[in-house]
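Structure data (PDB, C-alpha atoms) from protein_18.pdb:
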```pdb
ATOM      1  CA  MET O   1      34.136 -10.523-103.135
ATOM      2  CA  ILE O   2      35.139  -7.019-104.196
ATOM      3  CA  PRO O   3      32.340  -4.790-102.891
ATOM      4  CA  TRP O   4      32.081  -2.807-106.124
ATOM      5  CA  LYS O   5      30.206  -3.071-109.400
ATOM      6  CA  ILE O   6      30.513  -1.440-112.813
ATOM      7  CA  GLY O   7      29.494   2.214-112.646
ATOM      8  CA  ASP O   8      30.357   2.701-108.963
ATOM      9  CA  LYS O   9      32.361   5.912-108.576
ATOM     10  CA  VAL O  10      34.294   7.803-105.895
ATOM     11  CA  THR O  11      35.060  11.502-106.395
ATOM     12  CA  ARG O  12      37.309  13.674-104.238
ATOM     13  CA  LYS O  13      38.227  17.353-104.437
ATOM     14  CA  ARG O  14      41.807  18.316-103.517
ATOM     15  CA  ALA O  15      43.736  21.540-103.287
ATOM     16  CA  LEU O  16      46.764  21.488-105.580
ATOM     17  CA  GLY O  17      48.956  24.505-104.842
ATOM     18  CA  GLU O  18      52.515  25.692-104.510
ATOM     19  CA  LYS O  19      53.010  23.622-101.352
ATOM     20  CA  GLU O  20      52.083  20.319-103.037
ATOM     21  CA  VAL O  21      54.156  21.161-106.144
ATOM     22  CA  ALA O  22      57.209  21.961-103.990
ATOM     23  CA  HIS O  23      56.652  18.837-101.860
ATOM     24  CA  PHE O  24      56.516  16.630-104.980
ATOM     25  CA  ALA O  25      59.512  18.324-106.621
ATOM     26  CA  SER O  26      61.556  17.754-103.479
ATOM     27  CA  LEU O  27      60.482  14.100-103.178
ATOM     28  CA  VAL O  28      61.274  13.132-106.757
ATOM     29  CA  GLY O  29      63.943  15.732-107.582
ATOM     30  CA  ASP O  30      62.271  16.963-110.787
ATOM     31  CA  LEU O  31      63.587  20.486-111.380
ATOM     32  CA  ASN O  32      61.987  21.019-114.819
ATOM     33  CA  PRO O  33      61.537  24.840-114.781
ATOM     34  CA  ILE O  34      58.075  24.688-116.393
ATOM     35  CA  HIS O  35      56.868  23.955-112.843
ATOM     36  CA  SER O  36      58.487  27.016-111.267
ATOM     37  CA  ASP O  37      59.603  29.557-113.899
ATOM     38  CA  LEU O  38      57.061  31.527-115.928
ATOM     39  CA  GLY O  39      59.485  32.145-118.813
ATOM     40  CA  ALA O  40      60.280  28.448-119.170
ATOM     41  CA  ALA O  41      56.592  27.558-118.941
ATOM     42  CA  ARG O  42      55.822  30.058-121.728
ATOM     43  CA  LEU O  43      58.585  28.678-123.948
ATOM     44  CA  ALA O  44      56.974  25.268-123.517
ATOM     45  CA  GLY O  45      53.645  26.705-124.713
ATOM     46  CA  PHE O  46      51.828  27.469-121.453
ATOM     47  CA  VAL O  47      50.405  30.697-120.035
ATOM     48  CA  GLY O  48      51.666  29.962-116.519
ATOM     49  CA  THR O  49      53.670  27.465-114.500
ATOM     50  CA  ILE O  50      52.059  24.038-114.394
ATOM     51  CA  ALA O  51      51.914  21.218-111.862
ATOM     52  CA  HIS O  52      53.869  18.020-112.484
ATOM     53  CA  GLY O  53      51.573  15.610-114.305
ATOM     54  CA  MET O  54      52.502  12.839-111.931
ATOM     55  CA  ILE O  55      51.311  14.737-108.826
ATOM     56  CA  ALA O  56      47.741  14.440-109.995
ATOM     57  CA  GLY O  57      48.569  10.891-111.099
ATOM     58  CA  SER O  58      49.840  10.077-107.627
ATOM     59  CA  PHE O  59      46.789  11.567-105.938
ATOM     60  CA  PHE O  60      44.698   8.696-107.303
ATOM     61  CA  SER O  61      46.621   6.457-104.890
ATOM     62  CA  GLU O  62      44.628   8.039-102.056
ATOM     63  CA  ILE O  63      41.290   6.889-103.482
ATOM     64  CA  LEU O  64      42.637   3.554-104.727
ATOM     65  CA  GLY O  65      44.384   2.690-101.455
ATOM     66  CA  ASN O  66      41.759   3.986 -99.029
ATOM     67  CA  GLU O  67      38.413   3.535-100.740
ATOM     68  CA  LEU O  68      38.065   2.025-104.192
ATOM     69  CA  PRO O  69      39.165  -0.786-104.324
ATOM     70  CA  GLY O  70      40.449   0.088-100.807
ATOM     71  CA  PRO O  71      42.988  -1.212 -98.249
ATOM     72  CA  GLY O  72      44.784  -4.349 -99.425
ATOM     73  CA  SER O  73      44.589  -3.362-103.108
ATOM     74  CA  VAL O  74      47.616  -4.116-105.244
ATOM     75  CA  TYR O  75      48.373  -1.951-108.275
ATOM     76  CA  LEU O  76      48.861  -3.987-111.460
ATOM     77  CA  GLU O  77      48.667  -1.328-114.186
ATOM     78  CA  GLN O  78      48.082   2.385-114.684
ATOM     79  CA  ARG O  79      47.764   4.383-117.874
ATOM     80  CA  PHE O  80      47.609   8.189-117.981
ATOM     81  CA  GLN O  81      46.933  10.647-120.762
ATOM     82  CA  PHE O  82      47.873  14.191-119.778
ATOM     83  CA  LEU O  83      45.294  16.120-121.817
ATOM     84  CA  ALA O  84      45.633  19.650-120.469
ATOM     85  CA  PRO O  85      48.003  21.498-118.126
ATOM     86  CA  ILE O  86      47.031  21.974-114.489
ATOM     87  CA  TYR O  87      47.765  25.578-113.557
ATOM     88  CA  PHE O  88      48.055  25.929-109.815
ATOM     89  CA  PRO O  89      46.601  26.716-107.370
ATOM     90  CA  SER O  90      43.596  24.676-108.447
ATOM     91  CA  ASP O  91      40.925  22.691-106.651
ATOM     92  CA  ILE O  92      41.202  19.552-108.706
ATOM     93  CA  VAL O  93      38.510  16.893-108.806
ATOM     94  CA  LEU O  94      39.712  13.289-108.974
ATOM     95  CA  SER O  95      37.355  10.445-109.845
ATOM     96  CA  VAL O  96      37.744   6.679-109.873
ATOM     97  CA  GLU O  97      34.947   4.741-111.624
ATOM     98  CA  VAL O  98      34.609   0.982-111.955
ATOM     99  CA  VAL O  99      34.615  -0.134-115.606
ATOM    100  CA  ASN O 100      35.167  -3.863-115.125
ATOM    101  CA  VAL O 101      35.218  -6.499-112.378
ATOM    102  CA  ARG O 102      36.738  -9.827-113.402
ATOM    103  CA  GLY O 103      34.650 -12.975-112.995
ATOM    104  CA  ASP O 104      36.547 -14.254-109.964
ATOM    105  CA  GLN O 105      35.935 -10.888-108.307
ATOM    106  CA  LYS O 106      39.599 -10.270-107.528
ATOM    107  CA  ILE O 107      40.674  -7.963-110.356
ATOM    108  CA  ILE O 108      39.027  -4.626-110.972
ATOM    109  CA  THR O 109      39.550  -2.062-113.746
ATOM    110  CA  VAL O 110      38.772   1.585-113.043
ATOM    111  CA  ARG O 111      38.784   4.780-115.070
ATOM    112  CA  THR O 112      40.802   7.551-113.423
ATOM    113  CA  THR O 113      40.010  11.163-114.344
ATOM    114  CA  CYS O 114      41.114  14.561-113.056
ATOM    115  CA  LEU O 115      39.332  17.853-113.739
ATOM    116  CA  ASP O 116      40.802  21.256-112.881
ATOM    117  CA  SER O 117      38.782  23.905-111.012
ATOM    118  CA  ASP O 118      37.300  25.085-114.339
ATOM    119  CA  GLY O 119      36.022  21.587-115.099
ATOM    120  CA  VAL O 120      38.610  20.908-117.824
ATOM    121  CA  LEU O 121      39.555  17.223-118.157
ATOM    122  CA  CYS O 122      43.312  17.424-117.527
ATOM    123  CA  LEU O 123      44.082  13.779-117.008
ATOM    124  CA  ASP O 124      42.341  10.630-118.168
ATOM    125  CA  GLY O 125      43.438   7.086-117.571
ATOM    126  CA  GLU O 126      42.741   3.564-116.495
ATOM    127  CA  ALA O 127      44.053   1.397-113.674
ATOM    128  CA  VAL O 128      43.942  -2.330-112.972
ATOM    129  CA  LEU O 129      44.079  -3.514-109.358
ATOM    130  CA  LEU O 130      44.078  -6.831-107.518
ATOM    131  CA  ARG O 131      42.444  -7.705-104.202
ATOM    132  CA  ARG O 132      44.169 -10.964-103.287
ATOM    133  CA  ASP O 133      42.851 -10.645 -99.732
ATOM    134  CA  VAL O 134      39.206 -11.248-100.693
ATOM    135  CA  SER O 135      37.681 -14.593-101.559
ATOM    136  CA  ALA O 136      34.926 -15.198-104.106
ATOM    137  CA  ASN O 137      32.826 -16.547-101.235
ATOM    138  CA  ASP O 138      33.140 -13.507 -98.992
ATOM    139  CA  VAL O 139      29.975 -11.506 -98.613
ATOM    140  CA  SER O 140      30.852  -7.853 -99.071
TER
ATOM    141  CA  MET F   1      65.833  19.261-132.519
ATOM    142  CA  ILE F   2      65.540  16.843-129.624
ATOM    143  CA  PRO F   3      69.131  15.874-128.811
ATOM    144  CA  TRP F   4      68.315  12.189-128.491
ATOM    145  CA  LYS F   5      68.129   9.181-130.788
ATOM    146  CA  ILE F   6      66.644   5.699-130.524
ATOM    147  CA  GLY F   7      68.640   3.578-128.089
ATOM    148  CA  ASP F   8      69.922   6.496-125.978
ATOM    149  CA  LYS F   9      69.457   5.665-122.299
ATOM    150  CA  VAL F  10      69.785   7.357-118.919
ATOM    151  CA  THR F  11      70.014   5.217-115.769
ATOM    152  CA  ARG F  12      69.923   6.427-112.170
ATOM    153  CA  LYS F  13      70.170   4.582-108.869
ATOM    154  CA  ARG F  14      68.017   5.863-105.984
ATOM    155  CA  ALA F  15      67.525   4.897-102.383
ATOM    156  CA  LEU F  16      63.896   4.012-101.684
ATOM    157  CA  GLY F  17      63.375   3.628 -97.953
ATOM    158  CA  GLU F  18      61.012   4.311 -95.095
ATOM    159  CA  LYS F  19      61.583   8.057 -95.399
ATOM    160  CA  GLU F  20      60.502   8.213 -99.052
ATOM    161  CA  VAL F  21      57.521   5.921 -98.421
ATOM    162  CA  ALA F  22      56.350   8.104 -95.506
ATOM    163  CA  HIS F  23      56.930  11.296 -97.547
ATOM    164  CA  PHE F  24      54.840   9.965-100.428
ATOM    165  CA  ALA F  25      52.072   8.639 -98.158
ATOM    166  CA  SER F  26      51.831  12.044 -96.487
ATOM    167  CA  LEU F  27      51.771  13.904 -99.826
ATOM    168  CA  VAL F  28      49.051  11.824-101.428
ATOM    169  CA  GLY F  29      47.231  10.584 -98.318
ATOM    170  CA  ASP F  30      47.342   6.895 -99.270
ATOM    171  CA  LEU F  31      47.020   4.928 -96.021
ATOM    172  CA  ASN F  32      46.745   1.450 -97.588
ATOM    173  CA  PRO F  33      48.255  -0.686 -94.784
ATOM    174  CA  ILE F  34      50.194  -2.920 -97.204
ATOM    175  CA  HIS F  35      52.764  -0.076 -97.163
ATOM    176  CA  SER F  36      53.161   0.031 -93.388
ATOM    177  CA  ASP F  37      51.687  -3.072 -91.711
ATOM    178  CA  LEU F  38      53.297  -6.485 -92.131
ATOM    179  CA  GLY F  39      50.062  -8.376 -91.405
ATOM    180  CA  ALA F  40      48.132  -6.454 -94.063
ATOM    181  CA  ALA F  41      50.973  -6.896 -96.543
ATOM    182  CA  ARG F  42      50.942 -10.675 -95.906
ATOM    183  CA  LEU F  43      47.172 -10.864 -96.354
ATOM    184  CA  ALA F  44      47.673  -9.175 -99.728
ATOM    185  CA  GLY F  45      50.187 -11.869-100.692
ATOM    186  CA  PHE F  46      53.551 -10.261 -99.882
ATOM    187  CA  VAL F  47      56.377 -11.294 -97.559
ATOM    188  CA  GLY F  48      56.901  -7.720 -96.302
ATOM    189  CA  THR F  49      55.558  -4.205 -96.563
ATOM    190  CA  ILE F  50      55.912  -2.770-100.063
ATOM    191  CA  ALA F  51      56.466   0.706-101.484
ATOM    192  CA  HIS F  52      53.608   2.492-103.249
ATOM    193  CA  GLY F  53      53.867   1.651-106.953
ATOM    194  CA  MET F  54      53.477   5.279-107.850
ATOM    195  CA  ILE F  55      56.557   6.380-105.865
ATOM    196  CA  ALA F  56      58.785   4.558-108.313
ATOM    197  CA  GLY F  57      56.520   5.823-111.088
ATOM    198  CA  SER F  58      56.985   9.386-109.892
ATOM    199  CA  PHE F  59      60.753   9.025-109.665
ATOM    200  CA  PHE F  60      60.921   8.854-113.462
ATOM    201  CA  SER F  61      59.902  12.531-113.430
ATOM    202  CA  GLU F  62      63.413  13.343-112.212
ATOM    203  CA  ILE F  63      65.064  11.838-115.283
ATOM    204  CA  LEU F  64      62.352  13.030-117.675
ATOM    205  CA  GLY F  65      62.339  16.603-116.356
ATOM    206  CA  ASN F  66      66.062  17.059-115.809
ATOM    207  CA  GLU F  67      67.776  14.944-118.439
ATOM    208  CA  LEU F  68      65.889  12.909-120.980
ATOM    209  CA  PRO F  69      64.083  14.644-122.715
ATOM    210  CA  GLY F  70      65.073  17.344-120.167
ATOM    211  CA  PRO F  71      63.909  20.808-119.029
ATOM    212  CA  GLY F  72      60.930  22.082-121.013
ATOM    213  CA  SER F  73      59.531  18.593-121.605
ATOM    214  CA  VAL F  74      55.781  18.193-121.430
ATOM    215  CA  TYR F  75      54.279  14.858-120.374
ATOM    216  CA  LEU F  76      51.674  13.565-122.837
ATOM    217  CA  GLU F  77      51.249   9.934-121.782
ATOM    218  CA  GLN F  78      52.570   7.386-119.303
ATOM    219  CA  ARG F  79      51.820   3.693-118.979
ATOM    220  CA  PHE F  80      53.013   1.531-116.085
ATOM    221  CA  GLN F  81      52.901  -2.184-115.434
ATOM    222  CA  PHE F  82      53.681  -3.023-111.823
ATOM    223  CA  LEU F  83      55.314  -6.424-112.286
ATOM    224  CA  ALA F  84      56.766  -7.144-108.852
ATOM    225  CA  PRO F  85      56.554  -5.565-105.397
ATOM    226  CA  ILE F  86      59.321  -3.230-104.249
ATOM    227  CA  TYR F  87      60.278  -4.207-100.704
ATOM    228  CA  PHE F  88      62.027  -1.339 -98.978
ATOM    229  CA  PRO F  89      64.665  -0.256 -98.248
ATOM    230  CA  SER F  90      65.957  -0.915-101.746
ATOM    231  CA  ASP F  91      68.453   0.781-104.037
ATOM    232  CA  ILE F  92      66.246   0.919-107.099
ATOM    233  CA  VAL F  93      67.598   1.456-110.608
ATOM    234  CA  LEU F  94      65.471   3.603-112.910
ATOM    235  CA  SER F  95      66.105   3.731-116.650
ATOM    236  CA  VAL F  96      64.669   5.837-119.442
ATOM    237  CA  GLU F  97      65.473   4.662-122.975
ATOM    238  CA  VAL F  98      64.467   6.301-126.249
ATOM    239  CA  VAL F  99      62.288   4.009-128.374
ATOM    240  CA  ASN F 100      60.976   6.547-130.892
ATOM    241  CA  VAL F 101      61.529  10.143-132.002
ATOM    242  CA  ARG F 102      58.796  11.552-134.227
ATOM    243  CA  GLY F 103      59.773  12.944-137.644
ATOM    244  CA  ASP F 104      59.369  16.588-136.630
ATOM    245  CA  GLN F 105      61.694  15.890-133.700
ATOM    246  CA  LYS F 106      59.298  17.271-131.093
ATOM    247  CA  ILE F 107      57.682  14.139-129.726
ATOM    248  CA  ILE F 108      59.709  11.376-128.122
ATOM    249  CA  THR F 109      58.647   7.971-126.790
ATOM    250  CA  VAL F 110      60.707   6.336-124.044
ATOM    251  CA  ARG F 111      60.632   3.039-122.203
ATOM    252  CA  THR F 112      60.649   3.457-118.425
ATOM    253  CA  THR F 113      61.900   0.580-116.288
ATOM    254  CA  CYS F 114      62.660   0.102-112.596
ATOM    255  CA  LEU F 115      64.734  -2.722-111.119
ATOM    256  CA  ASP F 116      64.999  -3.406-107.403
ATOM    257  CA  SER F 117      68.345  -3.953-105.661
ATOM    258  CA  ASP F 118      68.216  -7.657-106.622
ATOM    259  CA  GLY F 119      67.838  -6.772-110.292
ATOM    260  CA  VAL F 120      64.170  -7.803-110.480
ATOM    261  CA  LEU F 121      62.139  -5.817-113.033
ATOM    262  CA  CYS F 122      59.469  -4.318-110.776
ATOM    263  CA  LEU F 123      58.016  -1.725-113.092
ATOM    264  CA  ASP F 124      57.925  -1.481-116.865
ATOM    265  CA  GLY F 125      56.281   1.214-118.915
ATOM    266  CA  GLU F 126      56.356   3.731-121.685
ATOM    267  CA  ALA F 127      56.053   7.514-121.755
ATOM    268  CA  VAL F 128      55.389  10.030-124.528
ATOM    269  CA  LEU F 129      56.758  13.558-124.150
ATOM    270  CA  LEU F 130      56.700  16.792-126.139
ATOM    271  CA  ARG F 131      59.436  19.389-126.488
ATOM    272  CA  ARG F 132      57.531  22.348-127.890
ATOM    273  CA  ASP F 133      60.471  24.630-127.077
ATOM    274  CA  VAL F 134      62.765  23.109-129.704
ATOM    275  CA  SER F 135      62.566  23.724-133.431
ATOM    276  CA  ALA F 136      63.361  21.196-136.138
ATOM    277  CA  ASN F 137      66.107  23.582-137.284
ATOM    278  CA  ASP F 138      67.868  23.836-133.941
ATOM    279  CA  VAL F 139      71.202  22.136-133.796
ATOM    280  CA  SER F 140      71.323  20.103-130.615
TER
END
```
Go ahead and render the structure in this file as C-alpha cells.
Amino acid sequence: MIPWKIGDKVTRKRALGEKEVAHFASLVGDLNPIHSDLGAARLAGFVGTIAHGMIAGSFFSEILGNELPGPGSVYLEQRFQFLAPIYFPSDIVLSVEVVNVRGDQKIITVRTTCLDSDGVLCLDGEAVLLRRDVSANDVS
Amino acid sequence: MIPWKIGDKVTRKRALGEKEVAHFASLVGDLNPIHSDLGAARLAGFVGTIAHGMIAGSFFSEILGNELPGPGSVYLEQRFQFLAPIYFPSDIVLSVEVVNVRGDQKIITVRTTCLDSDGVLCLDGEAVLLRRDVSANDVS
C-alpha cells in the first residue's frame, strides 16, 4: 500500500535565483519581461522582477517524484493558486502534505504549498497522484 | 483593455523529446524513473517512458507570457488534469483559448489543452491571468 497517511508532510528548501529563472525561461521560451525587466515588472504592479509562477510549480515534481508519493507516482491532477509574487533570489520552502488516501490505497491527494524566504505563502495548491505499482496487500 | 475575446485561440506545436525531458529533470531534480527507465514505466502501467506532466504544463507559459494574454500578464491560477501519458519524442500541440474576460477587462480565463502527435488529449486545464498594466479605457 502507499506508505503514507493523512498529515504526513515533506518539506524542502530550495534556492530560486537568476540561474533557475533563466534556465526555466530558456526551456519553455517564456519571454514575459516581468521576469527580467524592472520597468515591466513595475507596470504589472510589482516592486521587482518576479520568478515564473510555474518554476515553483514545477519544483513540486522533485518531492512528488522522489519522495511523496515517490518513484512510480503518476500525476493525475494539479491545481495552483499563485497568491503572491516570488521575488528572486529567494530560498523558497516547498511542502507536500497528505490530505487524503483513497480506500484502495492507490490514489493520494496532497496539498502543495510554497513559502518565500520571508515566510509569505506564495503558492497554494492540491495534487492528485496514482501509484499503480503498489498493491493493497503490499506491506509498506 | 485586454485585446482578446471569448473564443480567441492560440495554438503552437512543440517538439518534446529526450533533450527537453533531461533539461526539465535537471532543473527540478525529479528523478522518478518512469521518465527514464522502461521497466519502471511499465510497472507504473505505461508502454514506454513518459514525459513529466509538468513539462507540458510549463510550456503553456510560453503562450501565456508572450502572446495570450501576453507580456505583462500575471498568473493567478492554473488547473491541470493529466489525462493521458505523453510518450516522447512527440510533436505536442498546445492551445490556449479564451473562455472568459471579466467586465473590467483585466482578468481573463483561458482553457489550456495539450494534444500529443497522435491527437490524443493528454492534458486539459484552465488558467486565470491578470493584466494590471492595461486600463479599461485603453484601445487595444
* When distances are computed from all atoms listed in the file, which of F:Gly39, F:Gly65, F:Gly119, F:Gly48 shows the smallest separation from chain O? ->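 The closest residue to chain O is F:Gly65.
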Contacts between chain F and chain O, please, where a residue of chain O counts if it comes within 9 Å (with only C-alpha atoms); show its shortest atom pair and distance in Å to one decimal, rows by chain and ascending number, as CSV.
```
residue,atom,partner,partner_atom,distance
O:Glu20,CA,F:Leu27,CA,7.2
O:His23,CA,F:Leu27,CA,7.2
O:Phe24,CA,F:Leu27,CA,7.5
O:Ala25,CA,F:Glu62,CA,8.4
O:Leu27,CA,F:Glu20,CA,7.2
O:Val28,CA,F:Phe59,CA,5.1
O:Gly29,CA,F:Glu62,CA,5.2
O:Asp30,CA,F:Glu62,CA,4.1
O:Leu31,CA,F:Asn66,CA,6.1
O:Asn32,CA,F:Pro71,CA,4.6
O:Pro33,CA,F:Pro71,CA,6.3
O:Ile34,CA,F:Gly72,CA,6.0
O:Ala40,CA,F:Gly72,CA,6.7
O:Ala41,CA,F:Gly72,CA,7.3
O:Arg42,CA,F:Asp133,CA,8.9
O:Leu43,CA,F:Asp133,CA,5.5
O:Ala44,CA,F:Asp133,CA,5.0
O:Gly45,CA,F:Arg132,CA,6.6
O:His52,CA,F:Ser61,CA,8.2
O:Gly53,CA,F:Tyr75,CA,6.7
O:Met54,CA,F:Ser58,CA,6.0
O:Ile55,CA,F:Ser58,CA,7.9
O:Gly57,CA,F:Met54,CA,8.1
O:Ser58,CA,F:Met54,CA,6.0
O:Phe59,CA,F:Val28,CA,5.1
O:Phe60,CA,F:Val28,CA,8.0
O:Ser61,CA,F:Asp30,CA,5.7
O:Glu62,CA,F:Asp30,CA,4.1
O:Ile63,CA,F:Asp30,CA,7.4
O:Leu64,CA,F:Asp30,CA,7.9
O:Gly65,CA,F:Asn32,CA,4.7
O:Asn66,CA,F:Asn32,CA,5.8
O:Gly70,CA,F:Asn32,CA,7.2
O:Pro71,CA,F:Asn32,CA,4.7
O:Gly72,CA,F:Ala44,CA,5.6
O:Ser73,CA,F:Ala44,CA,7.4
O:Val74,CA,F:Ala44,CA,7.5
O:Tyr75,CA,F:Phe82,CA,6.5
O:Leu76,CA,F:Phe82,CA,4.9
O:Glu77,CA,F:Gln81,CA,4.5
O:Gln78,CA,F:Phe80,CA,5.2
O:Arg79,CA,F:Arg79,CA,4.3
O:Phe80,CA,F:Gln78,CA,5.2
O:Gln81,CA,F:Glu77,CA,4.5
O:Phe82,CA,F:Leu76,CA,4.9
O:Leu83,CA,F:Leu76,CA,6.9
O:Ala84,CA,F:Leu76,CA,8.9
O:Leu130,CA,F:Ala44,CA,8.9
O:Arg131,CA,F:Ala44,CA,7.0
O:Arg132,CA,F:Ala44,CA,5.3
O:Asp133,CA,F:Ala44,CA,5.0
O:Val134,CA,F:Ala44,CA,8.8
```
Chain F least-squares fitted onto chain O over all paired Cα atoms, as a short mmCIF file (atom, residue, chain, number, x, y, z; two decimals) with C-alpha atoms, in the coordinates of the input:
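File result-v6.cif, as written:
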```cif
data_model
loop_
_atom_site.label_atom_id
_atom_site.label_comp_id
_atom_site.auth_asym_id
_atom_site.auth_seq_id
_atom_site.Cartn_x
_atom_site.Cartn_y
_atom_site.Cartn_z
CA MET F 1 34.18 -10.50 -103.16
CA ILE F 2 35.16 -7.00 -104.23
CA PRO F 3 32.37 -4.78 -102.91
CA TRP F 4 32.10 -2.80 -106.12
CA LYS F 5 30.20 -3.07 -109.39
CA ILE F 6 30.51 -1.44 -112.81
CA GLY F 7 29.49 2.21 -112.64
CA ASP F 8 30.37 2.71 -108.96
CA LYS F 9 32.36 5.93 -108.58
CA VAL F 10 34.29 7.80 -105.91
CA THR F 11 35.06 11.50 -106.40
CA ARG F 12 37.30 13.68 -104.24
CA LYS F 13 38.22 17.35 -104.44
CA ARG F 14 41.80 18.32 -103.51
CA ALA F 15 43.72 21.54 -103.28
CA LEU F 16 46.76 21.49 -105.57
CA GLY F 17 48.95 24.49 -104.84
CA GLU F 18 52.50 25.69 -104.51
CA LYS F 19 53.00 23.62 -101.36
CA GLU F 20 52.08 20.32 -103.04
CA VAL F 21 54.14 21.16 -106.14
CA ALA F 22 57.21 21.96 -103.99
CA HIS F 23 56.65 18.81 -101.88
CA PHE F 24 56.50 16.62 -104.98
CA ALA F 25 59.50 18.31 -106.64
CA SER F 26 61.55 17.74 -103.48
CA LEU F 27 60.47 14.09 -103.19
CA VAL F 28 61.25 13.12 -106.76
CA GLY F 29 63.93 15.71 -107.59
CA ASP F 30 62.26 16.95 -110.78
CA LEU F 31 63.58 20.48 -111.38
CA ASN F 32 61.98 21.02 -114.82
CA PRO F 33 61.53 24.82 -114.78
CA ILE F 34 58.08 24.67 -116.41
CA HIS F 35 56.86 23.95 -112.85
CA SER F 36 58.47 27.00 -111.26
CA ASP F 37 59.59 29.55 -113.88
CA LEU F 38 57.06 31.51 -115.92
CA GLY F 39 59.49 32.14 -118.79
CA ALA F 40 60.29 28.44 -119.16
CA ALA F 41 56.60 27.55 -118.94
CA ARG F 42 55.83 30.06 -121.73
CA LEU F 43 58.61 28.69 -123.93
CA ALA F 44 57.00 25.27 -123.50
CA GLY F 45 53.68 26.69 -124.70
CA PHE F 46 51.83 27.47 -121.46
CA VAL F 47 50.40 30.70 -120.05
CA GLY F 48 51.67 29.94 -116.52
CA THR F 49 53.67 27.46 -114.50
CA ILE F 50 52.04 24.02 -114.40
CA ALA F 51 51.91 21.21 -111.86
CA HIS F 52 53.87 18.01 -112.49
CA GLY F 53 51.55 15.60 -114.31
CA MET F 54 52.49 12.84 -111.94
CA ILE F 55 51.31 14.74 -108.83
CA ALA F 56 47.73 14.43 -110.00
CA GLY F 57 48.55 10.89 -111.09
CA SER F 58 49.83 10.07 -107.62
CA PHE F 59 46.78 11.56 -105.94
CA PHE F 60 44.68 8.69 -107.30
CA SER F 61 46.61 6.45 -104.89
CA GLU F 62 44.62 8.03 -102.06
CA ILE F 63 41.28 6.89 -103.48
CA LEU F 64 42.63 3.55 -104.72
CA GLY F 65 44.37 2.69 -101.45
CA ASN F 66 41.76 3.98 -99.02
CA GLU F 67 38.41 3.53 -100.74
CA LEU F 68 38.06 2.05 -104.18
CA PRO F 69 39.17 -0.79 -104.32
CA GLY F 70 40.45 0.08 -100.80
CA PRO F 71 42.99 -1.21 -98.25
CA GLY F 72 44.79 -4.35 -99.42
CA SER F 73 44.59 -3.37 -103.10
CA VAL F 74 47.61 -4.13 -105.24
CA TYR F 75 48.37 -1.95 -108.27
CA LEU F 76 48.86 -3.99 -111.46
CA GLU F 77 48.66 -1.34 -114.18
CA GLN F 78 48.08 2.38 -114.68
CA ARG F 79 47.76 4.38 -117.87
CA PHE F 80 47.61 8.18 -117.98
CA GLN F 81 46.92 10.65 -120.76
CA PHE F 82 47.86 14.18 -119.78
CA LEU F 83 45.29 16.12 -121.81
CA ALA F 84 45.63 19.65 -120.47
CA PRO F 85 48.01 21.48 -118.13
CA ILE F 86 47.03 21.97 -114.49
CA TYR F 87 47.75 25.58 -113.56
CA PHE F 88 48.05 25.93 -109.81
CA PRO F 89 46.60 26.71 -107.37
CA SER F 90 43.59 24.68 -108.45
CA ASP F 91 40.92 22.70 -106.64
CA ILE F 92 41.21 19.55 -108.70
CA VAL F 93 38.50 16.88 -108.81
CA LEU F 94 39.71 13.28 -108.98
CA SER F 95 37.35 10.44 -109.85
CA VAL F 96 37.73 6.68 -109.87
CA GLU F 97 34.95 4.75 -111.61
CA VAL F 98 34.61 0.98 -111.95
CA VAL F 99 34.63 -0.13 -115.60
CA ASN F 100 35.17 -3.86 -115.12
CA VAL F 101 35.23 -6.50 -112.37
CA ARG F 102 36.75 -9.82 -113.40
CA GLY F 103 34.65 -12.98 -112.99
CA ASP F 104 36.57 -14.24 -109.95
CA GLN F 105 35.95 -10.86 -108.33
CA LYS F 106 39.61 -10.24 -107.54
CA ILE F 107 40.68 -7.97 -110.36
CA ILE F 108 39.03 -4.62 -110.97
CA THR F 109 39.55 -2.07 -113.74
CA VAL F 110 38.78 1.59 -113.05
CA ARG F 111 38.79 4.79 -115.07
CA THR F 112 40.80 7.56 -113.42
CA THR F 113 40.01 11.16 -114.33
CA CYS F 114 41.11 14.57 -113.05
CA LEU F 115 39.33 17.86 -113.74
CA ASP F 116 40.79 21.24 -112.86
CA SER F 117 38.78 23.91 -111.01
CA ASP F 118 37.31 25.09 -114.34
CA GLY F 119 36.03 21.59 -115.10
CA VAL F 120 38.61 20.91 -117.82
CA LEU F 121 39.56 17.22 -118.16
CA CYS F 122 43.31 17.42 -117.53
CA LEU F 123 44.09 13.77 -117.01
CA ASP F 124 42.33 10.63 -118.17
CA GLY F 125 43.43 7.08 -117.57
CA GLU F 126 42.72 3.56 -116.49
CA ALA F 127 44.06 1.40 -113.67
CA VAL F 128 43.95 -2.34 -112.97
CA LEU F 129 44.07 -3.52 -109.36
CA LEU F 130 44.07 -6.84 -107.51
CA ARG F 131 42.45 -7.69 -104.20
CA ARG F 132 44.16 -10.94 -103.30
CA ASP F 133 42.86 -10.64 -99.73
CA VAL F 134 39.23 -11.23 -100.69
CA SER F 135 37.70 -14.57 -101.59
CA ALA F 136 34.94 -15.13 -104.13
CA ASN F 137 32.84 -16.50 -101.25
CA ASP F 138 33.17 -13.46 -99.01
CA VAL F 139 30.03 -11.45 -98.62
CA SER F 140 30.93 -7.81 -99.08
#
```
* To do: Find the residue from F:Gly17, F:Val120, F:Leu68, F:Asp91 that sits nearest to F:Ile108; use all atoms listed in the file when measuring.
  =>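 Of all the options, F:Leu68 lies closest to F:Ile108.
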* Asked: Evaluating the PyMOL selection byres ((chain O and resi 5-7) around 9) on the displayed file yields which residues, as an NGL selection string?
  -> :O and (2-4 or 8-9 or 97-101 or 110)
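When atom CA of O:Phe46 is paired with atom CA of O:Lys13, their separation reads 24.0 Å.
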* **atom CA of O:Leu121 to atom CA of O:Arg102, straight-line distance in Å** =>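 For atom CA of O:Arg102 relative to atom CA of O:Leu121, the distance reads 27.6 Å.
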* To do: Can you work out the spacing between atom CA of O:Leu38 and atom CA of O:Ile86 in Å, to one decimal?
  => 13.9 Å
* Selected by the PyMOL selection byres ((chain F and resi 92) around 8) in the shown coordinates: which residues, as a list in words? ->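 Expected selection for the PyMOL selection byres ((chain F and resi 92) around 8) here is Lys13, Arg14, Ala15, Leu16, Ser90, Asp91, Val93, Leu94, Cys114, Leu115, Asp116 and Ser117 of chain F.
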